[in-house]
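Peer 1: Sharing structure_32.pdb (PDB, C-alpha atoms) below.
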MODEL        1
ATOM      1  CA  MET E 332      84.905  30.938  99.203
ATOM      2  CA  VAL E 333      84.597  33.846 101.613
ATOM      3  CA  GLU E 334      86.391  37.029 100.591
ATOM      4  CA  TRP E 335      88.111  39.139 103.224
ATOM      5  CA  SER E 336      89.365  42.659 102.612
ATOM      6  CA  GLU E 337      92.654  43.778 104.181
ATOM      7  CA  GLN E 338      90.688  45.966 106.553
ATOM      8  CA  GLU E 339      88.485  43.070 107.672
ATOM      9  CA  ARG E 340      91.529  40.877 108.342
ATOM     10  CA  THR E 341      93.118  43.640 110.405
ATOM     11  CA  ILE E 342      89.943  44.149 112.426
ATOM     12  CA  ILE E 343      89.645  40.456 113.318
ATOM     13  CA  THR E 344      93.325  39.886 114.123
ATOM     14  CA  SER E 345      93.466  43.018 116.223
ATOM     15  CA  ILE E 346      90.387  42.089 118.276
ATOM     16  CA  PHE E 347      91.930  38.683 119.016
ATOM     17  CA  ALA E 348      95.378  40.145 119.722
ATOM     18  CA  SER E 349      94.000  42.177 122.610
ATOM     19  CA  LEU E 350      91.411  39.626 123.748
ATOM     20  CA  ASP E 351      91.440  38.604 127.422
ATOM     21  CA  TYR E 352      90.374  34.975 126.957
ATOM     22  CA  GLU E 353      90.104  34.344 130.704
ATOM     23  CA  ASP E 354      87.640  37.190 131.057
ATOM     24  CA  ILE E 355      85.619  37.037 127.836
ATOM     25  CA  GLY E 356      85.339  33.235 127.501
ATOM     26  CA  PRO E 357      83.587  32.617 130.822
ATOM     27  CA  LYS E 358      81.396  35.713 130.405
ATOM     28  CA  ALA E 359      80.208  34.675 126.944
ATOM     29  CA  LEU E 360      79.394  31.081 127.835
ATOM     30  CA  SER E 361      77.702  31.898 131.140
ATOM     31  CA  ARG E 362      75.642  34.636 129.478
ATOM     32  CA  CYS E 363      74.500  32.113 126.858
ATOM     33  CA  LEU E 364      73.412  29.636 129.545
ATOM     34  CA  ILE E 365      71.506  32.382 131.404
ATOM     35  CA  VAL E 366      69.877  34.118 128.433
ATOM     36  CA  TYR E 367      69.079  30.887 126.568
ATOM     37  CA  PRO E 368      68.611  28.380 129.388
ATOM     38  CA  TRP E 369      67.847  25.462 127.082
ATOM     39  CA  THR E 370      71.520  25.485 126.108
ATOM     40  CA  GLN E 371      72.207  24.105 129.592
ATOM     41  CA  ARG E 372      71.168  20.732 128.199
ATOM     42  CA  TYR E 373      74.742  20.150 127.035
ATOM     43  CA  PHE E 374      76.271  20.800 130.435
ATOM     44  CA  GLY E 375      74.582  18.228 132.664
ATOM     45  CA  ALA E 376      77.935  17.033 134.001
ATOM     46  CA  PHE E 377      79.266  20.504 134.791
ATOM     47  CA  GLY E 378      77.843  20.868 138.306
ATOM     48  CA  ASN E 379      75.526  23.491 139.734
ATOM     49  CA  LEU E 380      73.695  25.532 137.048
ATOM     50  CA  TYR E 381      70.683  26.135 139.228
ATOM     51  CA  ASN E 382      70.559  29.931 138.918
ATOM     52  CA  ALA E 383      72.413  32.819 137.318
ATOM     53  CA  GLU E 384      74.766  33.246 140.297
ATOM     54  CA  ALA E 385      75.671  29.551 140.259
ATOM     55  CA  ILE E 386      76.332  29.656 136.515
ATOM     56  CA  LYS E 387      78.492  32.780 136.791
ATOM     57  CA  THR E 388      80.667  31.250 139.526
ATOM     58  CA  ASN E 389      80.842  27.697 138.148
ATOM     59  CA  PRO E 390      84.548  26.920 137.511
ATOM     60  CA  ASN E 391      83.777  24.182 134.949
ATOM     61  CA  ILE E 392      81.749  26.618 132.868
ATOM     62  CA  ALA E 393      84.502  29.232 133.130
ATOM     63  CA  ALA E 394      87.141  26.744 131.970
ATOM     64  CA  HIS E 395      84.949  25.616 129.108
ATOM     65  CA  GLY E 396      84.276  29.190 128.033
ATOM     66  CA  ILE E 397      88.026  29.777 127.737
ATOM     67  CA  LYS E 398      88.417  26.550 125.747
ATOM     68  CA  VAL E 399      85.654  27.484 123.292
ATOM     69  CA  LEU E 400      87.088  30.970 122.788
ATOM     70  CA  HIS E 401      90.526  29.534 122.019
ATOM     71  CA  GLY E 402      88.743  27.316 119.496
ATOM     72  CA  LEU E 403      88.199  30.489 117.472
ATOM     73  CA  ASP E 404      91.981  30.997 117.180
ATOM     74  CA  ARG E 405      92.088  28.416 114.424
ATOM     75  CA  ALA E 406      89.664  30.413 112.325
ATOM     76  CA  VAL E 407      91.675  33.603 112.849
ATOM     77  CA  LYS E 408      94.850  31.853 111.663
ATOM     78  CA  ASN E 409      93.090  30.301 108.630
ATOM     79  CA  MET E 410      90.605  32.949 107.563
ATOM     80  CA  ASP E 411      90.797  31.849 103.944
ATOM     81  CA  ASN E 412      89.764  28.306 104.724
ATOM     82  CA  ILE E 413      87.580  28.286 107.787
ATOM     83  CA  LYS E 414      85.332  25.579 106.326
ATOM     84  CA  ALA E 415      88.153  23.015 106.056
ATOM     85  CA  THR E 416      89.726  24.150 109.335
ATOM     86  CA  TYR E 417      86.565  23.269 111.257
ATOM     87  CA  ALA E 418      85.628  20.050 109.442
ATOM     88  CA  GLU E 419      86.787  17.870 112.335
ATOM     89  CA  LEU E 420      85.237  20.103 115.005
ATOM     90  CA  SER E 421      81.994  20.046 113.044
ATOM     91  CA  VAL E 422      81.923  16.262 113.065
ATOM     92  CA  LEU E 423      82.699  16.320 116.805
ATOM     93  CA  HIS E 424      79.797  18.693 117.550
ATOM     94  CA  SER E 425      77.452  16.594 115.444
ATOM     95  CA  GLU E 426      78.435  13.014 116.176
ATOM     96  CA  LYS E 427      79.790  13.163 119.681
ATOM     97  CA  LEU E 428      78.417  16.285 121.376
ATOM     98  CA  HIS E 429      75.041  16.287 119.533
ATOM     99  CA  VAL E 430      74.779  20.079 119.690
ATOM    100  CA  ASP E 431      71.877  21.601 117.750
ATOM    101  CA  PRO E 432      73.652  23.907 115.275
ATOM    102  CA  ASP E 433      71.098  26.664 115.933
ATOM    103  CA  ASN E 434      72.811  26.987 119.301
ATOM    104  CA  PHE E 435      76.045  28.156 117.664
ATOM    105  CA  LYS E 436      74.273  31.371 116.693
ATOM    106  CA  LEU E 437      73.031  31.872 120.262
ATOM    107  CA  LEU E 438      76.563  31.634 121.691
ATOM    108  CA  SER E 439      77.863  33.823 118.893
ATOM    109  CA  ASP E 440      75.296  36.554 119.733
ATOM    110  CA  CYS E 441      76.276  36.439 123.415
ATOM    111  CA  LEU E 442      79.962  36.670 122.489
ATOM    112  CA  THR E 443      79.188  39.731 120.355
ATOM    113  CA  ILE E 444      77.424  41.393 123.273
ATOM    114  CA  VAL E 445      80.249  40.620 125.716
ATOM    115  CA  ILE E 446      82.861  41.974 123.290
ATOM    116  CA  ALA E 447      80.681  45.060 122.695
ATOM    117  CA  ALA E 448      80.483  45.712 126.440
ATOM    118  CA  LYS E 449      84.268  45.355 126.744
ATOM    119  CA  MET E 450      85.180  47.520 123.744
ATOM    120  CA  GLY E 451      82.511  50.164 124.325
ATOM    121  CA  SER E 452      82.171  52.778 121.613
ATOM    122  CA  SER E 453      85.281  51.497 119.823
ATOM    123  CA  PHE E 454      83.063  48.576 118.743
ATOM    124  CA  THR E 455      81.822  50.702 115.850
ATOM    125  CA  PRO E 456      79.088  49.610 113.409
ATOM    126  CA  GLU E 457      81.802  48.790 110.836
ATOM    127  CA  ILE E 458      83.722  46.653 113.317
ATOM    128  CA  GLN E 459      80.481  44.981 114.421
ATOM    129  CA  ALA E 460      79.714  44.111 110.777
ATOM    130  CA  THR E 461      83.147  42.502 110.293
ATOM    131  CA  TRP E 462      82.990  40.695 113.640
ATOM    132  CA  GLN E 463      79.540  39.269 112.889
ATOM    133  CA  LYS E 464      80.651  38.262 109.379
ATOM    134  CA  PHE E 465      83.563  36.340 110.918
ATOM    135  CA  LEU E 466      81.311  34.590 113.461
ATOM    136  CA  ALA E 467      78.744  33.769 110.760
ATOM    137  CA  VAL E 468      81.439  32.001 108.728
ATOM    138  CA  VAL E 469      82.597  30.074 111.816
ATOM    139  CA  VAL E 470      79.001  29.097 112.660
ATOM    140  CA  SER E 471      78.374  27.947 109.104
ATOM    141  CA  ALA E 472      81.579  25.862 109.067
ATOM    142  CA  LEU E 473      80.699  24.229 112.378
ATOM    143  CA  GLY E 474      77.307  23.208 111.026
ATOM    144  CA  ARG E 475      78.695  21.909 107.738
ATOM    145  CA  GLN E 476      79.328  18.269 108.610
ATOM    146  CA  TYR E 477      75.941  17.582 110.180
ATOM    147  CA  HIS E 478      73.801  15.041 108.413
TER
ATOM    148  CA  MET D 604      53.195  33.973 122.979
ATOM    149  CA  THR D 605      56.139  34.726 125.260
ATOM    150  CA  THR D 606      54.912  35.271 128.786
ATOM    151  CA  LEU D 607      56.714  37.919 130.743
ATOM    152  CA  THR D 608      56.915  36.984 134.416
ATOM    153  CA  ALA D 609      56.464  39.605 137.123
ATOM    154  CA  LYS D 610      60.239  39.462 137.618
ATOM    155  CA  ASP D 611      60.838  40.063 133.900
ATOM    156  CA  LYS D 612      58.572  43.117 133.925
ATOM    157  CA  ASP D 613      60.198  44.539 137.064
ATOM    158  CA  THR D 614      63.667  44.011 135.600
ATOM    159  CA  VAL D 615      62.683  45.694 132.313
ATOM    160  CA  LYS D 616      61.057  48.659 134.058
ATOM    161  CA  ALA D 617      64.003  49.127 136.437
ATOM    162  CA  PHE D 618      66.562  48.975 133.630
ATOM    163  CA  TRP D 619      64.479  51.272 131.429
ATOM    164  CA  ALA D 620      64.282  53.812 134.243
ATOM    165  CA  LYS D 621      68.098  53.883 134.261
ATOM    166  CA  VAL D 622      68.550  54.168 130.486
ATOM    167  CA  SER D 623      65.506  56.113 129.267
ATOM    168  CA  GLY D 624      67.466  59.361 129.418
ATOM    169  CA  LYS D 625      69.610  57.989 126.585
ATOM    170  CA  ALA D 626      66.696  56.534 124.611
ATOM    171  CA  GLU D 627      67.341  58.768 121.599
ATOM    172  CA  ASP D 628      71.000  57.742 121.452
ATOM    173  CA  ILE D 629      70.079  54.080 121.799
ATOM    174  CA  GLY D 630      67.553  54.457 118.980
ATOM    175  CA  LYS D 631      69.941  56.245 116.634
ATOM    176  CA  GLN D 632      72.783  53.808 117.222
ATOM    177  CA  SER D 633      70.584  50.689 116.985
ATOM    178  CA  LEU D 634      69.184  51.715 113.643
ATOM    179  CA  ALA D 635      72.633  52.733 112.341
ATOM    180  CA  ARG D 636      74.050  49.350 113.305
ATOM    181  CA  MET D 637      71.112  47.509 111.747
ATOM    182  CA  LEU D 638      71.660  49.282 108.413
ATOM    183  CA  ALA D 639      75.447  48.799 108.560
ATOM    184  CA  VAL D 640      75.579  45.195 109.731
ATOM    185  CA  TYR D 641      72.466  43.907 107.896
ATOM    186  CA  PRO D 642      72.429  45.842 104.603
ATOM    187  CA  GLN D 643      69.353  43.941 103.410
ATOM    188  CA  THR D 644      67.332  46.045 105.865
ATOM    189  CA  LYS D 645      68.019  49.102 103.717
ATOM    190  CA  THR D 646      65.400  47.782 101.275
ATOM    191  CA  TYR D 647      62.730  49.279 103.525
ATOM    192  CA  PHE D 648      64.241  52.733 103.201
ATOM    193  CA  ALA D 649      64.648  53.027  99.452
ATOM    194  CA  HIS D 650      62.562  56.204  99.649
ATOM    195  CA  TRP D 651      65.267  57.994 101.670
ATOM    196  CA  LYS D 652      67.615  60.138  99.648
ATOM    197  CA  ASP D 653      70.350  59.380 102.174
ATOM    198  CA  GLN D 654      70.389  55.733 103.257
ATOM    199  CA  SER D 655      73.652  55.931 105.178
ATOM    200  CA  PRO D 656      73.607  54.536 108.732
ATOM    201  CA  ASP D 657      74.553  57.915 110.221
ATOM    202  CA  GLY D 658      72.504  60.061 107.877
ATOM    203  CA  ALA D 659      69.764  62.382 109.073
ATOM    204  CA  PRO D 660      66.810  60.148 108.007
ATOM    205  CA  ALA D 661      68.320  57.147 109.824
ATOM    206  CA  ARG D 662      68.946  59.128 112.994
ATOM    207  CA  LYS D 663      65.430  60.560 112.998
ATOM    208  CA  HIS D 664      63.919  57.143 112.401
ATOM    209  CA  GLY D 665      65.959  55.568 115.193
ATOM    210  CA  ILE D 666      64.399  58.072 117.584
ATOM    211  CA  THR D 667      60.890  57.310 116.286
ATOM    212  CA  VAL D 668      61.369  53.584 116.780
ATOM    213  CA  MET D 669      62.835  53.993 120.262
ATOM    214  CA  ASN D 670      59.883  56.176 121.296
ATOM    215  CA  GLY D 671      57.742  53.181 120.318
ATOM    216  CA  VAL D 672      59.830  50.942 122.580
ATOM    217  CA  ALA D 673      59.497  53.425 125.452
ATOM    218  CA  ASP D 674      55.733  53.435 124.937
ATOM    219  CA  ALA D 675      55.731  49.633 124.973
ATOM    220  CA  VAL D 676      57.488  49.620 128.371
ATOM    221  CA  SER D 677      54.603  51.637 129.776
ATOM    222  CA  LYS D 678      52.156  49.131 128.266
ATOM    223  CA  ILE D 679      54.120  46.078 129.316
ATOM    224  CA  ASP D 680      51.121  44.519 131.060
ATOM    225  CA  ASN D 681      49.229  44.170 127.797
ATOM    226  CA  LEU D 682      51.436  44.641 124.770
ATOM    227  CA  THR D 683      48.950  43.174 122.291
ATOM    228  CA  ALA D 684      46.236  45.675 123.218
ATOM    229  CA  GLY D 685      48.682  48.535 123.736
ATOM    230  CA  LEU D 686      50.386  48.124 120.358
ATOM    231  CA  LEU D 687      47.266  47.466 118.304
ATOM    232  CA  GLU D 688      47.570  50.579 116.157
ATOM    233  CA  LEU D 689      51.277  50.073 115.578
ATOM    234  CA  SER D 690      50.587  46.495 114.611
ATOM    235  CA  GLU D 691      48.047  47.610 112.013
ATOM    236  CA  LEU D 692      50.565  50.114 110.669
ATOM    237  CA  HIS D 693      53.267  47.454 110.308
ATOM    238  CA  ALA D 694      50.833  44.878 108.883
ATOM    239  CA  PHE D 695      48.968  46.915 106.295
ATOM    240  CA  THR D 696      51.169  49.870 105.457
ATOM    241  CA  LEU D 697      54.798  49.123 106.250
ATOM    242  CA  ARG D 698      54.674  45.347 105.762
ATOM    243  CA  VAL D 699      58.056  44.827 107.394
ATOM    244  CA  ASP D 700      58.963  41.128 107.419
ATOM    245  CA  PRO D 701      58.851  40.155 111.111
ATOM    246  CA  ALA D 702      62.306  38.563 110.845
ATOM    247  CA  ASN D 703      63.640  42.109 110.877
ATOM    248  CA  PHE D 704      62.217  42.798 114.343
ATOM    249  CA  LYS D 705      64.687  40.237 115.666
ATOM    250  CA  ILE D 706      67.534  41.903 113.814
ATOM    251  CA  LEU D 707      66.739  45.353 115.206
ATOM    252  CA  ALA D 708      66.257  43.895 118.715
ATOM    253  CA  HIS D 709      69.722  42.314 118.544
ATOM    254  CA  ASN D 710      71.249  45.685 117.675
ATOM    255  CA  MET D 711      69.380  47.376 120.536
ATOM    256  CA  LEU D 712      70.893  44.813 122.910
ATOM    257  CA  VAL D 713      74.392  45.432 121.483
ATOM    258  CA  VAL D 714      73.982  49.198 121.986
ATOM    259  CA  MET D 715      72.720  48.691 125.548
ATOM    260  CA  ALA D 716      75.772  46.530 126.276
ATOM    261  CA  ILE D 717      78.053  49.227 124.874
ATOM    262  CA  MET D 718      76.404  52.126 126.694
ATOM    263  CA  PHE D 719      75.635  50.359 129.976
ATOM    264  CA  PRO D 720      78.254  47.599 130.351
ATOM    265  CA  ILE D 721      77.812  47.314 134.125
ATOM    266  CA  GLU D 722      74.016  47.479 134.264
ATOM    267  CA  PHE D 723      73.429  45.185 131.267
ATOM    268  CA  THR D 724      74.002  41.998 133.263
ATOM    269  CA  PRO D 725      72.981  38.554 131.944
ATOM    270  CA  GLU D 726      69.818  38.820 134.085
ATOM    271  CA  VAL D 727      68.877  42.169 132.535
ATOM    272  CA  HIS D 728      69.842  40.828 129.100
ATOM    273  CA  VAL D 729      67.432  37.880 129.296
ATOM    274  CA  ALA D 730      64.557  40.069 130.531
ATOM    275  CA  MET D 731      65.133  42.659 127.767
ATOM    276  CA  ASP D 732      65.472  39.927 125.127
ATOM    277  CA  LYS D 733      62.159  38.421 126.235
ATOM    278  CA  PHE D 734      60.521  41.845 126.305
ATOM    279  CA  LEU D 735      61.689  42.760 122.800
ATOM    280  CA  ALA D 736      60.522  39.349 121.550
ATOM    281  CA  SER D 737      57.079  39.936 123.098
ATOM    282  CA  LEU D 738      57.027  43.402 121.556
ATOM    283  CA  ALA D 739      57.828  41.915 118.154
ATOM    284  CA  LEU D 740      55.045  39.352 118.536
ATOM    285  CA  ALA D 741      52.566  42.086 119.435
ATOM    286  CA  LEU D 742      53.689  44.084 116.380
ATOM    287  CA  ALA D 743      53.149  41.074 114.134
ATOM    288  CA  GLU D 744      49.720  40.335 115.633
ATOM    289  CA  LYS D 745      47.723  41.865 112.778
ATOM    290  CA  TYR D 746      49.852  40.453 109.950
ATOM    291  CA  ARG D 747      47.579  37.489 109.196
TER
ENDMDL
END
Take the structure from the file and write it as structure tokens.

Peer 2:
Amino acid sequence: MVEWSEQERTIITSIFASLDYEDIGPKALSRCLIVYPWTQRYFGAFGNLYNAEAIKTNPNIAAHGIKVLHGLDRAVKNMDNIKATYAELSVLHSEKLHVDPDNFKLLSDCLTIVIAAKMGSSFTPEIQATWQKFLAVVVSALGRQYH
Amino acid sequence: MTTLTAKDKDTVKAFWAKVSGKAEDIGKQSLARMLAVYPQTKTYFAHWKDQSPDGAPARKHGITVMNGVADAVSKIDNLTAGLLELSELHAFTLRVDPANFKILAHNMLVVMAIMFPIEFTPEVHVAMDKFLASLALALAEKYR
């Protein structure tokens, strides 16, 4: 069972309270597809991913980025039971989407970098530590139901 | 071995030209974040009296490491040959587990995103990530 201090809870809820999903979601997902191009394997039906410009302006990718980011809301609302909260989503990613769970970390790293760019120096080392702890728990929960 | 394309090298050199003035800051902040976010990395610095992320030893060491990165940019056409001595140092004296190179690289990228949010585009990000991975491979060359 993951322990969260009061300070850690405040950090996570406050980042999400001021998060611009429409901006950050598309940026995080498109950055992942550009920096780790093999992740494009899951988006064959999304249209033109031919180069970085195409990826950045692809409306399907943008919409999906927003969807994925909202998927994190569940973890924020259930920080004391992220594992159970994501059980269904984990099965979905394994059985239906067939996403290699190593890829969750790649997207999570890109999201960290996009948030860092947005928050600038207010993304302190302490806040980065809490943010990465949160994402690590999410990533672990999403990989839990794979077999 | 990760191959850096001509485009990768140009992108790295162009970005480095823009940020090299802040290399010391990047170094200090990257190391501080590594120690704060990945406390297991402190095991390599047990000999420091002050192991805090913003302590004097950490700041000084961040600068040392970043000077190494700057040197690597100038030797980007042959990192293995250019970093031979540093590789021997890391292999025989420091014996840093190569997994930590990835951790430090990640923190360098985070700091670059913070300090240069406009310039650190996805295209620059991928080139820098590849470069730091090649650098890490060159550093690990002499390990075994």

Peer 1: Return the single residue from D:Leu634, D:Ala617, D:Leu742, D:Val729 that is closest to Cys441 of chain E, with distances computed using only C-alpha atoms.

Peer 2: D:Val729

Peer 1: Could you list the residues chosen by the ChimeraX specification (/E :<6) & /D in this structure as a count of residues only?

Peer 2: 8

Peer 1: At a cut-off of 12 Å from (86.4, 31.6, 112.3) in the coordinates of the file, what residues are picked up using all atoms listed in the file, written as a ChimeraX atom specification?

Peer 2: /E:333,335,340,343-344,347,399-418,420,439,461-473

Peer 1: Since I can't run it myself right now, could you work out what the PyMOL selection byres ((chain D and resi 702-712) around 6) selects here and report it as a PyMOL selection string?

Peer 2: chain D and resi 633+637+700-701+713-715+739

Peer 1: Write out, as a CSV table (one decimal), in the coordinates of the input, the residues just selected, with C-alpha atoms.

Peer 2:
chain,number,residue,atom,x,y,z
D,633,SER,CA,70.6,50.7,117.0
D,637,MET,CA,71.1,47.5,111.7
D,700,ASP,CA,59.0,41.1,107.4
D,701,PRO,CA,58.9,40.2,111.1
D,713,VAL,CA,74.4,45.4,121.5
D,714,VAL,CA,74.0,49.2,122.0
D,715,MET,CA,72.7,48.7,125.5
D,739,ALA,CA,57.8,41.9,118.2

Peer 1: Can you spell out as an MDAnalysis selection string the set of residues that the PyMOL selection byres ((chain D and resi 622) around 12) selects in the structure I just provided?

Peer 2: chainID D and resid 615:621 623:630 669 673 714:716 718:720 722:723

Peer 1: In Å to one decimal, how far is atom CA of His693 of chain D from atom CA of Ala661 of chain D?

Peer 2: 17.9 Å

Peer 1: What separation in Å, quoted to one decimal, exists between atom CA of Gln632 of chain D and atom CA of Gly671 of chain D?

Peer 2: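 Atom-to-atom, atom CA of Gln632 of chain D to atom CA of Gly671 of chain D, that is 15.4 Å.
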
Peer 1: Let me make sure I understand: among D:Lys631, D:Phe734, D:Thr606, D:Tyr641, which one has the smallest atom-to-atom distance to Ile666 of chain D if we use all atoms listed in the file?

Peer 2: D:Lys631

Peer 1: Take atom CA of Leu682 of chain D and atom CA of Ala639 of chain D and report the distance between them in Å, one decimal.

Peer 2: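 Separating atom CA of Leu682 of chain D from atom CA of Ala639 of chain D is a distance of 29.3 Å.
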
Peer 1: With all atoms listed in the file as the basis for distance, which of E:Asn391, E:Arg475, E:Met332, E:Leu380 is at the shortest distance from Ser425 of chain E?

Peer 2: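 Once distances to Ser425 of chain E are computed over all atoms listed in the file, the minimum belongs to E:Arg475.
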
Peer 1: Would you mind putting N, CA, C and O atoms back on segment 339-355 of chain E and writing the result as an mmCIF file, in the frame of the given file?

Peer 2:
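And here is the file that came out, selection.cif:
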data_model
loop_
_atom_site.group_PDB
_atom_site.id
_atom_site.type_symbol
_atom_site.label_atom_id
_atom_site.label_comp_id
_atom_site.auth_asym_id
_atom_site.auth_seq_id
_atom_site.Cartn_x
_atom_site.Cartn_y
_atom_site.Cartn_z
ATOM 1 N N GLU E 339 89.194 44.053 106.860
ATOM 2 C CA GLU E 339 88.485 43.070 107.672
ATOM 3 C C GLU E 339 89.473 42.151 108.399
ATOM 4 O O GLU E 339 89.301 41.851 109.582
ATOM 5 N N ARG E 340 90.535 41.744 107.702
ATOM 6 C CA ARG E 340 91.529 40.877 108.342
ATOM 7 C C ARG E 340 92.160 41.582 109.537
ATOM 8 O O ARG E 340 92.337 40.994 110.610
ATOM 9 N N THR E 341 92.486 42.854 109.331
ATOM 10 C CA THR E 341 93.118 43.640 110.405
ATOM 11 C C THR E 341 92.185 43.756 111.599
ATOM 12 O O THR E 341 92.609 43.605 112.752
ATOM 13 N N ILE E 342 90.897 44.006 111.327
ATOM 14 C CA ILE E 342 89.943 44.149 112.426
ATOM 15 C C ILE E 342 89.895 42.867 113.256
ATOM 16 O O ILE E 342 89.984 42.895 114.488
ATOM 17 N N ILE E 343 89.767 41.723 112.589
ATOM 18 C CA ILE E 343 89.645 40.456 113.318
ATOM 19 C C ILE E 343 90.926 40.130 114.078
ATOM 20 O O ILE E 343 90.885 39.817 115.277
ATOM 21 N N THR E 344 92.083 40.233 113.419
ATOM 22 C CA THR E 344 93.325 39.886 114.123
ATOM 23 C C THR E 344 93.572 40.842 115.285
ATOM 24 O O THR E 344 94.050 40.414 116.342
ATOM 25 N N SER E 345 93.193 42.089 115.120
ATOM 26 C CA SER E 345 93.466 43.018 116.223
ATOM 27 C C SER E 345 92.543 42.782 117.411
ATOM 28 O O SER E 345 92.951 42.898 118.567
ATOM 29 N N ILE E 346 91.273 42.407 117.152
ATOM 30 C CA ILE E 346 90.387 42.089 118.276
ATOM 31 C C ILE E 346 90.962 40.909 119.052
ATOM 32 O O ILE E 346 91.041 40.922 120.283
ATOM 33 N N PHE E 347 91.411 39.868 118.336
ATOM 34 C CA PHE E 347 91.930 38.683 119.016
ATOM 35 C C PHE E 347 93.274 38.934 119.685
ATOM 36 O O PHE E 347 93.585 38.329 120.706
ATOM 37 N N ALA E 348 94.065 39.858 119.130
ATOM 38 C CA ALA E 348 95.378 40.145 119.722
ATOM 39 C C ALA E 348 95.226 40.739 121.117
ATOM 40 O O ALA E 348 96.036 40.486 122.010
ATOM 41 N N SER E 349 94.149 41.535 121.303
ATOM 42 C CA SER E 349 94.000 42.177 122.610
ATOM 43 C C SER E 349 92.922 41.510 123.445
ATOM 44 O O SER E 349 92.470 42.050 124.452
ATOM 45 N N LEU E 350 92.502 40.292 123.041
ATOM 46 C CA LEU E 350 91.411 39.626 123.748
ATOM 47 C C LEU E 350 91.890 39.006 125.060
ATOM 48 O O LEU E 350 92.897 38.308 125.098
ATOM 49 N N ASP E 351 91.138 39.252 126.146
ATOM 50 C CA ASP E 351 91.440 38.604 127.422
ATOM 51 C C ASP E 351 90.572 37.352 127.494
ATOM 52 O O ASP E 351 89.416 37.397 127.941
ATOM 53 N N TYR E 352 91.136 36.216 127.060
ATOM 54 C CA TYR E 352 90.374 34.975 126.957
ATOM 55 C C TYR E 352 89.776 34.561 128.302
ATOM 56 O O TYR E 352 88.654 34.068 128.362
ATOM 57 N N GLU E 353 90.559 34.776 129.373
ATOM 58 C CA GLU E 353 90.104 34.344 130.704
ATOM 59 C C GLU E 353 88.919 35.152 131.209
ATOM 60 O O GLU E 353 88.206 34.726 132.111
ATOM 61 N N ASP E 354 88.756 36.334 130.642
ATOM 62 C CA ASP E 354 87.640 37.190 131.057
ATOM 63 C C ASP E 354 86.438 36.972 130.130
ATOM 64 O O ASP E 354 85.325 36.705 130.583
ATOM 65 N N ILE E 355 86.697 37.056 128.818
ATOM 66 C CA ILE E 355 85.619 37.037 127.836
ATOM 67 C C ILE E 355 84.996 35.653 127.676
ATOM 68 O O ILE E 355 83.781 35.512 127.544
#
